[in-house]
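Chemist: What follows is a structure written as structure tokens; I'll ask about it next.
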Amino acid sequence: MSLDLAAIRDAHARIQPFIKRTPVLTSERLDAAAGGQLFFKCENFQEAGAFKSRGACNAVFSLTDAEAATGVVTHSSGNHAAALARAAQLRGITAHIVMPAGAAQSKVRNVGSYGGWITFTEPNLTAREEACARVARQTGATIVHPFDDLRVAAGQGTATIELLEDTPDLDVILCPVGGGGLLSGTAVAAKALKPGIKVIGVEPALGDDVAQSFRAGKRISIPTPATIADGLRTNCTGEKNFPIIRQYVDDVVTVTEENIVTAMRAIWEALHIVIEPSAAVPYAAILEGKVSAKDQRIGLIVTGGNADLDKLPWLKPEGSQPPM
């Protein structure tokens, strides 16, 4: 298949019964601080807690009956894992999930709640992909890649269709980027619906494989990043996604760990919603001055809310003492 507006619209129709149309929230406080108007597309309210439900449902419900009969398998740090488990449960098929050891317990529990069969492996891409391929061979399950699958990317792009229907006069869309599935779908939908809009990907400086690749004009791999934004811990942008990103995305910027935490807390406090670190990355770009919001109308994709509430980044470590 090709990734275009028609494919994204088809995905939107296909997944309508299985997803929520998430709200777009605003904050006078955050607008005043930014000097512009910010519109937060709150995919943290999505089923399974993240935008990943869109792509997973599109992939699973695109399968033929013969393909679906042997189930699906993926590797994921959590959000795609839960989304695929849920989509499989809705279709009445088995989901095999390869997760890295040390994945957030909230995300492990989320996968289990939807009946996913979990296999843990070493927390690096090679180990994850090998385990995923092994499960596929053993079970006959269809691999649904967490980001390098155009059916998945088409599903992710449906969030931008809704965002631009609700707030059509945006100047910029800021989108987190890990493997590039969401950014690909976002950029294709945005440029088709509003050709003059800017689409900017944002990723942690500790995991800047997409920024490096974007500037080099070729895919660059990095070691597994140690960023707090666990949903963006990819080694290299997707092979299918990268040409789309190069064609449709205007820029890719990076943000520090400190600003990710600051942005996460600011959104919790101003919008009164729970978001995870990966979802704070777009607002961190504004805080850090990587993207100017002055006199701009900016849409921000808030990707998910599966935060580990026992390990919030602003909580003091157990046993620590307050300063004298």
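By convention in this document, the chains of the structure tokens carry letters A, B, ... by their order, each chain's residues are numbered from 1, and ligands are numbered from 1 in the order they are shown.
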Go through region 179-224 of chain A residue by residue and, counting only C-alpha atoms, keep those with an atom at most 9 Å from region 251-256 of chain A; for each kept residue give the shortest atom pair and its distance in Å to one decimal, ordered by chain and increasing number, as CSV.

Modeler:
residue,atom,partner,partner_atom,distance
A:Lys198,CA,A:Asp251,CA,8.5
A:Val199,CA,A:Asp251,CA,7.1
A:Ile200,CA,A:Asp251,CA,4.9
A:Gly201,CA,A:Val252,CA,4.5
A:Val202,CA,A:Val253,CA,5.0
A:Glu203,CA,A:Thr254,CA,4.9
A:Pro204,CA,A:Val255,CA,5.0
A:Ala205,CA,A:Thr254,CA,4.8
A:Leu206,CA,A:Thr256,CA,7.5
A:Gly207,CA,A:Thr254,CA,8.5
A:Asp208,CA,A:Thr254,CA,6.8
A:Val210,CA,A:Val252,CA,7.3
A:Ala211,CA,A:Val252,CA,5.3
A:Gln212,CA,A:Val252,CA,8.9
A:Phe214,CA,A:Val252,CA,7.1
A:Arg215,CA,A:Val252,CA,8.6

Chemist: If you keep N, CA and C atoms, can you produce a file of those selected residues as a PDB file, in the first residue's frame?

Modeler:
ATOM      1  N   LYS A 198       3.182  23.814   8.664  1.00  0.00           N
ATOM      2  CA  LYS A 198       4.488  23.236   8.972  1.00  0.00           C
ATOM      3  C   LYS A 198       4.293  22.037   9.894  1.00  0.00           C
ATOM      4  N   VAL A 199       5.048  20.982   9.633  1.00  0.00           N
ATOM      5  CA  VAL A 199       5.039  19.796  10.488  1.00  0.00           C
ATOM      6  C   VAL A 199       6.458  19.602  11.002  1.00  0.00           C
ATOM      7  N   ILE A 200       6.600  19.590  12.327  1.00  0.00           N
ATOM      8  CA  ILE A 200       7.913  19.483  12.953  1.00  0.00           C
ATOM      9  C   ILE A 200       7.923  18.290  13.894  1.00  0.00           C
ATOM     10  N   GLY A 201       8.876  17.402  13.698  1.00  0.00           N
ATOM     11  CA  GLY A 201       9.062  16.287  14.606  1.00  0.00           C
ATOM     12  C   GLY A 201       9.925  16.703  15.782  1.00  0.00           C
ATOM     13  N   VAL A 202       9.644  16.141  16.949  1.00  0.00           N
ATOM     14  CA  VAL A 202      10.412  16.456  18.157  1.00  0.00           C
ATOM     15  C   VAL A 202      10.818  15.151  18.824  1.00  0.00           C
ATOM     16  N   GLU A 203      12.098  15.052  19.194  1.00  0.00           N
ATOM     17  CA  GLU A 203      12.573  13.859  19.876  1.00  0.00           C
ATOM     18  C   GLU A 203      13.580  14.236  20.956  1.00  0.00           C
ATOM     19  N   PRO A 204      13.822  13.324  21.903  1.00  0.00           N
ATOM     20  CA  PRO A 204      14.806  13.600  22.945  1.00  0.00           C
ATOM     21  C   PRO A 204      16.210  13.743  22.362  1.00  0.00           C
ATOM     22  N   ALA A 205      16.992  14.664  22.909  1.00  0.00           N
ATOM     23  CA  ALA A 205      18.378  14.810  22.461  1.00  0.00           C
ATOM     24  C   ALA A 205      19.178  13.539  22.703  1.00  0.00           C
ATOM     25  N   LEU A 206      18.808  12.772  23.724  1.00  0.00           N
ATOM     26  CA  LEU A 206      19.510  11.514  23.991  1.00  0.00           C
ATOM     27  C   LEU A 206      19.169  10.420  22.982  1.00  0.00           C
ATOM     28  N   GLY A 207      18.110  10.613  22.228  1.00  0.00           N
ATOM     29  CA  GLY A 207      17.698   9.626  21.227  1.00  0.00           C
ATOM     30  C   GLY A 207      17.434  10.301  19.892  1.00  0.00           C
ATOM     31  N   ASP A 208      18.477  10.932  19.348  1.00  0.00           N
ATOM     32  CA  ASP A 208      18.304  11.823  18.201  1.00  0.00           C
ATOM     33  C   ASP A 208      18.558  11.162  16.854  1.00  0.00           C
ATOM     34  N   VAL A 210      16.483  10.272  14.513  1.00  0.00           N
ATOM     35  CA  VAL A 210      15.709  10.846  13.415  1.00  0.00           C
ATOM     36  C   VAL A 210      16.274  12.213  13.025  1.00  0.00           C
ATOM     37  N   ALA A 211      16.625  13.027  14.019  1.00  0.00           N
ATOM     38  CA  ALA A 211      17.221  14.329  13.717  1.00  0.00           C
ATOM     39  C   ALA A 211      18.519  14.163  12.940  1.00  0.00           C
ATOM     40  N   GLN A 212      19.363  13.230  13.372  1.00  0.00           N
ATOM     41  CA  GLN A 212      20.603  12.972  12.643  1.00  0.00           C
ATOM     42  C   GLN A 212      20.319  12.506  11.222  1.00  0.00           C
ATOM     43  N   PHE A 214      17.602  12.940   9.418  1.00  0.00           N
ATOM     44  CA  PHE A 214      16.944  13.999   8.648  1.00  0.00           C
ATOM     45  C   PHE A 214      17.985  14.949   8.056  1.00  0.00           C
ATOM     46  N   ARG A 215      18.987  15.283   8.847  1.00  0.00           N
ATOM     47  CA  ARG A 215      20.003  16.210   8.385  1.00  0.00           C
ATOM     48  C   ARG A 215      21.011  15.553   7.438  1.00  0.00           C
TER      49      ARG A 215
END

Chemist: Can you measure CA of Trp314 (chain A) to CA of Val261 (chain A) for me? One decimal in Å is fine.

Modeler: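 Rounded to one decimal, the two atoms are 7.4 Å apart.
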
Chemist: Fewer than 4 positions away in the same chain doesn't count, so skip those; otherwise give me all residues within 12 Å of Ile275 (chain A), counting only C-alpha atoms, as a PDB file with N, CA and C atoms, in the first residue's frame.

Modeler:
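Saved result, selection11.pdb, follows:
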ATOM      1  N   PHE A  40      -3.839  21.159  22.212  1.00  0.00           N
ATOM      2  CA  PHE A  40      -3.309  19.852  22.595  1.00  0.00           C
ATOM      3  C   PHE A  40      -4.294  18.753  22.196  1.00  0.00           C
ATOM      4  N   LYS A  41      -3.914  17.938  21.216  1.00  0.00           N
ATOM      5  CA  LYS A  41      -4.725  16.798  20.782  1.00  0.00           C
ATOM      6  C   LYS A  41      -4.460  15.645  21.743  1.00  0.00           C
ATOM      7  N   CYS A  42      -5.410  15.364  22.612  1.00  0.00           N
ATOM      8  CA  CYS A  42      -5.167  14.544  23.803  1.00  0.00           C
ATOM      9  C   CYS A  42      -5.389  13.058  23.562  1.00  0.00           C
ATOM     10  N   GLU A  43      -4.404  12.437  22.937  1.00  0.00           N
ATOM     11  CA  GLU A  43      -4.460  10.997  22.695  1.00  0.00           C
ATOM     12  C   GLU A  43      -4.208  10.183  23.965  1.00  0.00           C
ATOM     13  N   ASN A  44      -3.865  10.864  25.053  1.00  0.00           N
ATOM     14  CA  ASN A  44      -3.789  10.175  26.345  1.00  0.00           C
ATOM     15  C   ASN A  44      -5.159   9.693  26.801  1.00  0.00           C
ATOM     16  N   PHE A  45      -6.227  10.238  26.218  1.00  0.00           N
ATOM     17  CA  PHE A  45      -7.586   9.786  26.521  1.00  0.00           C
ATOM     18  C   PHE A  45      -8.021   8.630  25.617  1.00  0.00           C
ATOM     19  N   GLN A  46      -7.159   8.233  24.703  1.00  0.00           N
ATOM     20  CA  GLN A  46      -7.487   7.183  23.748  1.00  0.00           C
ATOM     21  C   GLN A  46      -7.615   5.835  24.459  1.00  0.00           C
ATOM     22  N   GLY A  49      -4.891   4.083  26.289  1.00  0.00           N
ATOM     23  CA  GLY A  49      -4.085   5.159  26.844  1.00  0.00           C
ATOM     24  C   GLY A  49      -3.138   5.856  25.907  1.00  0.00           C
ATOM     25  N   ALA A  50      -3.217   5.598  24.586  1.00  0.00           N
ATOM     26  CA  ALA A  50      -2.273   6.240  23.675  1.00  0.00           C
ATOM     27  C   ALA A  50      -2.783   6.171  22.235  1.00  0.00           C
ATOM     28  N   ALA A 229      11.876   9.404  28.067  1.00  0.00           N
ATOM     29  CA  ALA A 229      10.745   9.227  27.149  1.00  0.00           C
ATOM     30  C   ALA A 229      10.807   7.816  26.568  1.00  0.00           C
ATOM     31  N   ILE A 260      11.928  17.950  29.129  1.00  0.00           N
ATOM     32  CA  ILE A 260      10.836  16.982  29.006  1.00  0.00           C
ATOM     33  C   ILE A 260      10.092  16.871  30.330  1.00  0.00           C
ATOM     34  N   VAL A 261      10.848  16.766  31.425  1.00  0.00           N
ATOM     35  CA  VAL A 261      10.224  16.660  32.749  1.00  0.00           C
ATOM     36  C   VAL A 261       9.468  17.936  33.090  1.00  0.00           C
ATOM     37  N   ALA A 263       8.158  20.099  31.026  1.00  0.00           N
ATOM     38  CA  ALA A 263       6.967  20.177  30.181  1.00  0.00           C
ATOM     39  C   ALA A 263       5.887  19.214  30.653  1.00  0.00           C
ATOM     40  N   MET A 264       6.288  18.022  31.045  1.00  0.00           N
ATOM     41  CA  MET A 264       5.338  17.022  31.535  1.00  0.00           C
ATOM     42  C   MET A 264       4.591  17.549  32.758  1.00  0.00           C
ATOM     43  N   ARG A 265       5.333  18.102  33.691  1.00  0.00           N
ATOM     44  CA  ARG A 265       4.696  18.611  34.903  1.00  0.00           C
ATOM     45  C   ARG A 265       3.814  19.821  34.603  1.00  0.00           C
ATOM     46  N   ALA A 266       4.261  20.692  33.711  1.00  0.00           N
ATOM     47  CA  ALA A 266       3.470  21.878  33.364  1.00  0.00           C
ATOM     48  C   ALA A 266       2.123  21.482  32.768  1.00  0.00           C
ATOM     49  N   ILE A 267       2.124  20.446  31.929  1.00  0.00           N
ATOM     50  CA  ILE A 267       0.867  19.994  31.321  1.00  0.00           C
ATOM     51  C   ILE A 267      -0.032  19.341  32.361  1.00  0.00           C
ATOM     52  N   TRP A 268       0.549  18.531  33.242  1.00  0.00           N
ATOM     53  CA  TRP A 268      -0.243  17.967  34.337  1.00  0.00           C
ATOM     54  C   TRP A 268      -0.949  19.079  35.108  1.00  0.00           C
ATOM     55  N   GLU A 269      -0.194  20.123  35.438  1.00  0.00           N
ATOM     56  CA  GLU A 269      -0.727  21.178  36.303  1.00  0.00           C
ATOM     57  C   GLU A 269      -1.701  22.099  35.575  1.00  0.00           C
ATOM     58  N   ALA A 270      -1.404  22.453  34.320  1.00  0.00           N
ATOM     59  CA  ALA A 270      -2.237  23.435  33.609  1.00  0.00           C
ATOM     60  C   ALA A 270      -3.470  22.811  32.971  1.00  0.00           C
ATOM     61  N   LEU A 271      -3.334  21.614  32.426  1.00  0.00           N
ATOM     62  CA  LEU A 271      -4.454  20.968  31.749  1.00  0.00           C
ATOM     63  C   LEU A 271      -5.167  19.956  32.638  1.00  0.00           C
ATOM     64  N   ALA A 279       4.875  12.087  25.691  1.00  0.00           N
ATOM     65  CA  ALA A 279       3.827  13.005  25.256  1.00  0.00           C
ATOM     66  C   ALA A 279       4.169  14.458  25.538  1.00  0.00           C
ATOM     67  N   ALA A 280       5.141  14.688  26.417  1.00  0.00           N
ATOM     68  CA  ALA A 280       5.524  16.054  26.780  1.00  0.00           C
ATOM     69  C   ALA A 280       6.553  16.651  25.836  1.00  0.00           C
ATOM     70  N   VAL A 281       7.113  15.827  24.965  1.00  0.00           N
ATOM     71  CA  VAL A 281       8.222  16.264  24.118  1.00  0.00           C
ATOM     72  C   VAL A 281       7.853  17.447  23.213  1.00  0.00           C
ATOM     73  N   TYR A 283       5.700  19.939  23.711  1.00  0.00           N
ATOM     74  CA  TYR A 283       5.657  21.179  24.495  1.00  0.00           C
ATOM     75  C   TYR A 283       7.052  21.548  24.983  1.00  0.00           C
ATOM     76  N   ILE A 301       0.556  17.017  19.347  1.00  0.00           N
ATOM     77  CA  ILE A 301       0.020  15.669  19.540  1.00  0.00           C
ATOM     78  C   ILE A 301       0.483  15.159  20.898  1.00  0.00           C
ATOM     79  N   VAL A 302      -0.467  15.020  21.825  1.00  0.00           N
ATOM     80  CA  VAL A 302      -0.176  14.491  23.165  1.00  0.00           C
ATOM     81  C   VAL A 302      -0.380  12.983  23.079  1.00  0.00           C
ATOM     82  N   THR A 303       0.725  12.252  22.973  1.00  0.00           N
ATOM     83  CA  THR A 303       0.646  10.888  22.466  1.00  0.00           C
ATOM     84  C   THR A 303       0.079   9.858  23.433  1.00  0.00           C
ATOM     85  N   GLY A 304       0.298  10.033  24.749  1.00  0.00           N
ATOM     86  CA  GLY A 304      -0.190   8.997  25.648  1.00  0.00           C
ATOM     87  C   GLY A 304      -0.161   9.391  27.104  1.00  0.00           C
ATOM     88  N   GLY A 305      -0.872   8.608  27.919  1.00  0.00           N
ATOM     89  CA  GLY A 305      -0.969   8.891  29.342  1.00  0.00           C
ATOM     90  C   GLY A 305      -0.609   7.721  30.227  1.00  0.00           C
ATOM     91  N   ASN A 306       0.176   6.775  29.694  1.00  0.00           N
ATOM     92  CA  ASN A 306       0.530   5.590  30.478  1.00  0.00           C
ATOM     93  C   ASN A 306       1.786   5.842  31.304  1.00  0.00           C
ATOM     94  N   ALA A 307       1.681   6.796  32.208  1.00  0.00           N
ATOM     95  CA  ALA A 307       2.799   7.123  33.096  1.00  0.00           C
ATOM     96  C   ALA A 307       2.865   6.126  34.236  1.00  0.00           C
ATOM     97  N   ASP A 308       4.089   5.833  34.676  1.00  0.00           N
ATOM     98  CA  ASP A 308       4.278   4.995  35.850  1.00  0.00           C
ATOM     99  C   ASP A 308       4.121   5.885  37.077  1.00  0.00           C
ATOM    100  N   LEU A 309       2.987   5.797  37.734  1.00  0.00           N
ATOM    101  CA  LEU A 309       2.671   6.718  38.826  1.00  0.00           C
ATOM    102  C   LEU A 309       3.536   6.495  40.056  1.00  0.00           C
ATOM    103  N   LEU A 312       7.172   8.851  39.085  1.00  0.00           N
ATOM    104  CA  LEU A 312       7.075  10.146  38.412  1.00  0.00           C
ATOM    105  C   LEU A 312       8.402  10.886  38.555  1.00  0.00           C
TER     106      LEU A 312
END

Chemist: Hey, can you check how far CA of Asp148 (chain A) sits from CA of Thr227 (chain A)?

Modeler: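 Computing it gives 21.0 Å between the two atoms.
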
Chemist: Please build the interface table for region 21-84 of chain A against region 174-185 of chain A with a cut-off of 9 Å, listing for each qualifying residue the nearest atom pair and the distance in Å to one decimal; count only C-alpha atoms, order rows by chain and increasing number, and write it as CSV.

Modeler:
residue,atom,partner,partner_atom,distance
A:Phe51,CA,A:Leu182,CA,8.5
A:Lys52,CA,A:Leu182,CA,8.6
A:Gly55,CA,A:Leu182,CA,8.7

Chemist: Include N, CA and C atoms and write out the residues we just selected as a short mmCIF file (atom, residue, chain, number, x, y, z; two decimals), in the first residue's frame.

Modeler:
data_model
loop_
_atom_site.label_atom_id
_atom_site.label_comp_id
_atom_site.auth_asym_id
_atom_site.auth_seq_id
_atom_site.Cartn_x
_atom_site.Cartn_y
_atom_site.Cartn_z
N PHE A 51 -2.19 7.03 21.39
CA PHE A 51 -2.54 7.09 19.97
C PHE A 51 -2.33 5.75 19.27
N LYS A 52 -1.54 4.88 19.85
CA LYS A 52 -1.20 3.61 19.21
C LYS A 52 -2.44 2.76 18.90
N GLY A 55 -3.34 3.01 15.03
CA GLY A 55 -2.58 2.21 14.08
C GLY A 55 -2.78 0.73 14.28
#

Chemist: Rounded to one decimal in Å, what is the spacing between CA of Ala56 (chain A) and CA of Gly155 (chain A)?

Modeler: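 Calculated distance between CA of Ala56 (chain A) and CA of Gly155 (chain A) is 7.4 Å.
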
Chemist: Contacts of region 92-99 of chain A at 6 Å or less, counting only C-alpha atoms, minus same-chain residues fewer than 4 places along, as an mmCIF file with C-alpha atoms, in the first residue's frame?

Modeler:
data_model
loop_
_atom_site.group_PDB
_atom_site.id
_atom_site.type_symbol
_atom_site.label_atom_id
_atom_site.label_comp_id
_atom_site.auth_asym_id
_atom_site.auth_seq_id
_atom_site.Cartn_x
_atom_site.Cartn_y
_atom_site.Cartn_z
ATOM 1 C CA GLY A 71 -2.878 -14.097 15.467
ATOM 2 C CA VAL A 72 -0.477 -11.166 15.517
ATOM 3 C CA VAL A 73 2.901 -10.488 17.091
ATOM 4 C CA THR A 74 4.911 -7.357 17.768
ATOM 5 C CA HIS A 75 7.721 -5.943 19.874
ATOM 6 C CA SER A 76 7.074 -2.804 21.882
ATOM 7 C CA SER A 77 8.042 -0.987 25.061
ATOM 8 C CA ALA A 85 -3.387 -6.683 22.408
ATOM 9 C CA ALA A 88 -6.577 -8.469 18.751
ATOM 10 C CA GLY A 116 -1.624 -10.224 25.431
ATOM 11 C CA TRP A 117 0.881 -13.086 25.731
ATOM 12 C CA ILE A 118 4.104 -11.410 26.860
ATOM 13 C CA THR A 119 7.666 -12.535 26.141
ATOM 14 C CA PHE A 120 10.376 -10.471 27.828
#

Chemist: What are the DSSP strand (DSSP E or B) residues of region 88-292 of chain A, as a PyMOL selection string?

Modeler: chain A and resi 95-100+117-121+142-143+172-176+198-204+251-255

Chemist: Limited to C-alpha atoms, could you put the picked residues into a file as a PDB file, in the first residue's frame?

Modeler:
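Below you can see out30.pdb, which holds the result:
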ATOM      1  CA  ALA A  95      -1.676 -11.241  20.373  1.00  0.00           C
ATOM      2  CA  HIS A  96       1.923 -12.205  21.160  1.00  0.00           C
ATOM      3  CA  ILE A  97       3.890  -9.300  22.623  1.00  0.00           C
ATOM      4  CA  VAL A  98       7.662  -9.059  22.959  1.00  0.00           C
ATOM      5  CA  MET A  99       8.559  -6.468  25.602  1.00  0.00           C
ATOM      6  CA  PRO A 100      11.952  -5.287  26.830  1.00  0.00           C
ATOM      7  CA  TRP A 117       0.881 -13.086  25.731  1.00  0.00           C
ATOM      8  CA  ILE A 118       4.104 -11.410  26.860  1.00  0.00           C
ATOM      9  CA  THR A 119       7.666 -12.535  26.141  1.00  0.00           C
ATOM     10  CA  PHE A 120      10.376 -10.471  27.828  1.00  0.00           C
ATOM     11  CA  THR A 121      13.745  -9.933  26.188  1.00  0.00           C
ATOM     12  CA  THR A 142       1.473 -11.889  11.436  1.00  0.00           C
ATOM     13  CA  ILE A 143       4.063  -9.323  12.498  1.00  0.00           C
ATOM     14  CA  VAL A 172       2.268  24.311  12.875  1.00  0.00           C
ATOM     15  CA  ILE A 173       1.863  20.758  14.164  1.00  0.00           C
ATOM     16  CA  LEU A 174       4.417  19.421  16.646  1.00  0.00           C
ATOM     17  CA  CYS A 175       4.675  15.653  16.778  1.00  0.00           C
ATOM     18  CA  PRO A 176       6.851  13.344  18.890  1.00  0.00           C
ATOM     19  CA  LYS A 198       4.488  23.236   8.972  1.00  0.00           C
ATOM     20  CA  VAL A 199       5.039  19.796  10.488  1.00  0.00           C
ATOM     21  CA  ILE A 200       7.913  19.483  12.953  1.00  0.00           C
ATOM     22  CA  GLY A 201       9.062  16.287  14.606  1.00  0.00           C
ATOM     23  CA  VAL A 202      10.412  16.456  18.157  1.00  0.00           C
ATOM     24  CA  GLU A 203      12.573  13.859  19.876  1.00  0.00           C
ATOM     25  CA  PRO A 204      14.806  13.600  22.945  1.00  0.00           C
ATOM     26  CA  ASP A 251      12.139  19.985  10.502  1.00  0.00           C
ATOM     27  CA  VAL A 252      13.106  17.651  13.336  1.00  0.00           C
ATOM     28  CA  VAL A 253      14.293  19.207  16.613  1.00  0.00           C
ATOM     29  CA  THR A 254      15.539  17.754  19.893  1.00  0.00           C
ATOM     30  CA  VAL A 255      14.894  18.566  23.547  1.00  0.00           C
TER      31      VAL A 255
END

Chemist: DSSP on the backbone: what in region 43-153 of chain A comes out helix (DSSP H, G or I), as JSON, numbers by chain?

Modeler: {"A": [43, 44, 45, 47, 48, 49, 52, 53, 54, 55, 56, 57, 58, 59, 60, 61, 62, 65, 66, 67, 68, 69, 79, 80, 81, 82, 83, 84, 85, 86, 87, 88, 89, 90, 91, 105, 106, 107, 108, 109, 110, 111, 112, 113, 125, 126, 127, 128, 129, 130, 131, 132, 133, 134, 135, 136, 137, 138, 139, 150, 151, 152, 153]}

Chemist: Hey, can you spit out that residue selection with C-alpha atoms as an mmCIF file, in the first residue's frame?

Modeler:
data_model
loop_
_atom_site.group_PDB
_atom_site.id
_atom_site.type_symbol
_atom_site.label_atom_id
_atom_site.label_comp_id
_atom_site.auth_asym_id
_atom_site.auth_seq_id
_atom_site.Cartn_x
_atom_site.Cartn_y
_atom_site.Cartn_z
ATOM 1 C CA GLU A 43 -4.460 10.997 22.695
ATOM 2 C CA ASN A 44 -3.789 10.175 26.345
ATOM 3 C CA PHE A 45 -7.586 9.786 26.521
ATOM 4 C CA GLU A 47 -8.399 3.550 24.335
ATOM 5 C CA ALA A 48 -5.398 1.743 25.868
ATOM 6 C CA GLY A 49 -4.085 5.159 26.844
ATOM 7 C CA LYS A 52 -1.200 3.609 19.205
ATOM 8 C CA SER A 53 -4.766 2.258 19.317
ATOM 9 C CA ARG A 54 -5.379 3.926 15.965
ATOM 10 C CA GLY A 55 -2.577 2.210 14.084
ATOM 11 C CA ALA A 56 -3.030 -1.133 15.810
ATOM 12 C CA CYS A 57 -6.751 -1.262 15.055
ATOM 13 C CA ASN A 58 -6.171 -0.331 11.430
ATOM 14 C CA ALA A 59 -3.541 -3.041 11.028
ATOM 15 C CA VAL A 60 -5.543 -5.772 12.772
ATOM 16 C CA PHE A 61 -8.829 -5.020 11.038
ATOM 17 C CA SER A 62 -7.047 -4.798 7.672
ATOM 18 C CA ASP A 65 -9.567 -13.801 7.892
ATOM 19 C CA ALA A 66 -6.795 -16.248 6.967
ATOM 20 C CA GLU A 67 -4.086 -13.865 8.189
ATOM 21 C CA ALA A 68 -5.983 -13.115 11.385
ATOM 22 C CA ALA A 69 -6.539 -16.776 12.229
ATOM 23 C CA ASN A 79 1.895 1.531 24.182
ATOM 24 C CA HIS A 80 1.827 -0.313 20.843
ATOM 25 C CA ALA A 81 1.910 -3.564 22.798
ATOM 26 C CA ALA A 82 -1.254 -2.718 24.719
ATOM 27 C CA ALA A 83 -2.933 -1.282 21.641
ATOM 28 C CA LEU A 84 -2.246 -4.400 19.588
ATOM 29 C CA ALA A 85 -3.387 -6.683 22.408
ATOM 30 C CA ARG A 86 -6.614 -4.713 22.639
ATOM 31 C CA ALA A 87 -7.182 -4.713 18.867
ATOM 32 C CA ALA A 88 -6.577 -8.469 18.751
ATOM 33 C CA GLN A 89 -8.985 -9.004 21.626
ATOM 34 C CA LEU A 90 -11.635 -7.002 19.765
ATOM 35 C CA ARG A 91 -11.176 -9.192 16.696
ATOM 36 C CA GLN A 105 5.000 -1.772 35.006
ATOM 37 C CA SER A 106 1.962 0.313 34.131
ATOM 38 C CA LYS A 107 2.464 -0.673 30.498
ATOM 39 C CA VAL A 108 3.062 -4.345 31.319
ATOM 40 C CA ARG A 109 -0.167 -4.395 33.300
ATOM 41 C CA ASN A 110 -1.961 -2.680 30.421
ATOM 42 C CA VAL A 111 -0.883 -5.405 27.992
ATOM 43 C CA GLY A 112 -1.964 -8.111 30.412
ATOM 44 C CA SER A 113 -5.365 -6.527 30.894
ATOM 45 C CA LEU A 125 16.291 -3.531 19.178
ATOM 46 C CA THR A 126 18.206 -6.572 17.920
ATOM 47 C CA ALA A 127 16.986 -8.775 20.752
ATOM 48 C CA ARG A 128 13.426 -7.530 20.364
ATOM 49 C CA GLU A 129 13.343 -8.136 16.614
ATOM 50 C CA GLU A 130 14.899 -11.597 16.945
ATOM 51 C CA ALA A 131 12.379 -12.617 19.596
ATOM 52 C CA CYS A 132 9.524 -11.257 17.516
ATOM 53 C CA ALA A 133 10.660 -13.168 14.438
ATOM 54 C CA ARG A 134 11.043 -16.345 16.506
ATOM 55 C CA VAL A 135 7.497 -16.092 17.859
ATOM 56 C CA ALA A 136 6.193 -15.454 14.334
ATOM 57 C CA ARG A 137 7.929 -18.614 13.057
ATOM 58 C CA GLN A 138 6.644 -20.712 15.943
ATOM 59 C CA THR A 139 3.034 -19.520 15.811
ATOM 60 C CA LEU A 150 2.204 1.723 6.488
ATOM 61 C CA ARG A 151 -1.094 0.315 7.808
ATOM 62 C CA VAL A 152 -0.001 1.449 11.262
ATOM 63 C CA ALA A 153 1.141 4.850 9.984
#

Chemist: Return the single residue from A:Phe39, A:Leu232, A:Pro243, A:Ser27 that is closest to Leu164 (chain A), with distances computed using only C-alpha atoms.

Modeler: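 So, comparing all the options, the nearest one is A:Phe39.
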
Chemist: Give the answer as one residue: which of A:Phe242, A:Leu163, A:Asp10, A:Glu257 has the shortest atom-to-atom distance to Gly299 (chain A), using only C-alpha atoms?

Modeler: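 Closest to Gly299 (chain A), using only C-alpha atoms: A:Leu163.
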
Chemist: Could you name the residues that touch Gln296 (chain A) at 10 Å or less, counting only C-alpha atoms, but leaving out those on the same chain fewer than 4 positions away, as a list in words?

Modeler: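 In the requested form, the answer reads Ala34, Gly35, Gly36, Gln37, Leu38, Asp169, Leu170, Asp171, Val172 and Ser292 of chain A.
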